[in-house]
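**Student:** Have a look at this one before I ask anything.
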Amino acid sequence: MLGYLCLQYNYKYNKNITINDFIEWNLEPLIGKEGKQIFHKVGFFSNLKTYPNTIKVLEDLSKKHEILIITNPPNAITAWDKYETFKKILPFIPKDNIIMTAKKELINVDLIFDDSPIYLKSCRGKMITVAMDRLYNKNVEVNFRIFNNNWLEFESLIKGLEVINNKKNKN
């Protein structure tokens, strides 16, 4: 999302920011309120590109695990945009498993994979926390980190946790 936001912001305001400029979760100090409005508009989320292997990994994992997409849209417009985008690119995820909430920690799941320091902190101790490693979440304590948007690494982590869980269940 931030890469596409940078692209749109740089084009609109003739700037040259990069994803590495986002060192805190709050976007306003870097791009202002006008920049935040870019991802509050219809079509922003539907134009995002997925990271390599994302869809394949999620589809493979969905064969053995219930996957919930838990997201906090900034407004009603982006809620619909996100919902429709997830339905389109992840048709194997049941539409009832797409949940819009700012209270991710209240959802009863075993594991959360997120980049937001807010959600990683609020979910710590309630579930396994896995961070998509970013400069703005480096100081958040989590169970695991995934580097370089590597969804194959995430898949390996899940398979490793399955093995551990299976051994515990046998004992």
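Chain labels run A, B, ... following the order of the structure tokens; each chain numbers its residues from 1, and ligands are numbered from 1 in the order shown.
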Could you give me, as a list in words, each residue of range 32-111 of chain A that DSSP assigns to alpha helix (DSSP H) when run on this structure's backbone?

**Tutor:** Gly32, Lys33, Glu34, Gly35, Lys36, Thr54, Ile55, Lys56, Val57, Leu58, Glu59, Asp60, Leu61, Ser62, Ala76, Ile77, Thr78, Ala79, Trp80, Asp81, Lys82, Tyr83, Glu84, Thr85, Phe86, Lys87, Lys88 and Ile89 of chain A

**Student:** List the neighbours of Phe86 in chain A out to 12 Å using only C-alpha atoms; skip same-chain residues closer than 5 positions along the sequence, and give me the result as a short mmCIF file (atom, residue, chain, number, x, y, z; two decimals) with C-alpha atoms, in the first residue's frame.

**Tutor:**
```cif
data_model
loop_
_atom_site.label_atom_id
_atom_site.label_comp_id
_atom_site.auth_asym_id
_atom_site.auth_seq_id
_atom_site.Cartn_x
_atom_site.Cartn_y
_atom_site.Cartn_z
CA PHE A 45 -7.19 -0.28 -2.89
CA SER A 46 -8.49 -1.89 -6.07
CA ASN A 47 -5.40 -0.58 -7.90
CA LEU A 48 -2.89 -2.08 -5.47
CA LYS A 49 -0.64 -4.87 -6.67
CA THR A 50 -0.09 -7.91 -4.46
CA ILE A 55 -2.32 -15.16 -3.57
CA LEU A 58 -3.03 -17.76 0.89
CA LEU A 68 -9.80 -14.26 7.99
CA ILE A 69 -9.01 -10.96 6.34
CA ILE A 70 -9.28 -8.43 9.16
CA THR A 71 -8.83 -4.85 8.04
CA THR A 78 -12.46 2.51 1.25
CA ALA A 79 -14.31 -0.18 3.20
CA TRP A 80 -16.31 -1.03 0.10
CA ASP A 81 -13.23 -0.72 -2.12
CA PRO A 91 -12.14 -15.69 -4.30
CA PHE A 92 -11.24 -18.76 -2.19
CA ILE A 93 -11.74 -16.74 1.03
CA PRO A 94 -15.43 -16.80 2.04
CA LYS A 95 -16.94 -13.32 1.94
CA ASP A 96 -18.00 -13.72 5.59
CA ASN A 97 -14.31 -14.06 6.45
CA ILE A 98 -13.63 -10.47 5.37
CA ILE A 99 -14.00 -8.46 8.57
CA MET A 100 -13.83 -4.68 8.85
#
```

**Student:** Please run DSSP on the backbone and report, as a ChimeraX atom specification, all residues within chain A that come out as strand (DSSP E).

**Tutor:** /A:69-71,98-100,111-114,128-132,144-146

**Student:** Asp133 in chain A: which residues within 9 Å, counting only C-alpha atoms, same-chain residues fewer than 3 positions away excluded, as a list in words?

**Tutor:**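 What passes the distance filter is Asp114, Asp115, Val130, Tyr136, Asn137, Lys138, Arg145, Ile146, Phe147, Asn148 and Asn149 of chain A.
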
**Student:** Name all residues at most 12 Å from Phe144 in chain A (count only C-alpha atoms; drop same-chain ones fewer than 5 positions away) and give them as a list in words.

**Tutor:**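 Skipping anything fewer than 5 positions along the chain leaves Leu111, Ile112, Phe113, Asp114, Asp115, Leu120, Arg124, Met127, Ile128, Thr129, Val130, Ala131, Met132, Asp133, Lys138, Glu153, Phe154, Ser156, Leu157, Ile158, Gly160 and Leu161 of chain A.
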
**Student:** Which residue out of A:Thr54, A:Pro73, A:His40, A:Pro117 has the minimum interatomic distance to Ala102 in chain A when only C-alpha atoms are used?

**Tutor:** A:Pro73
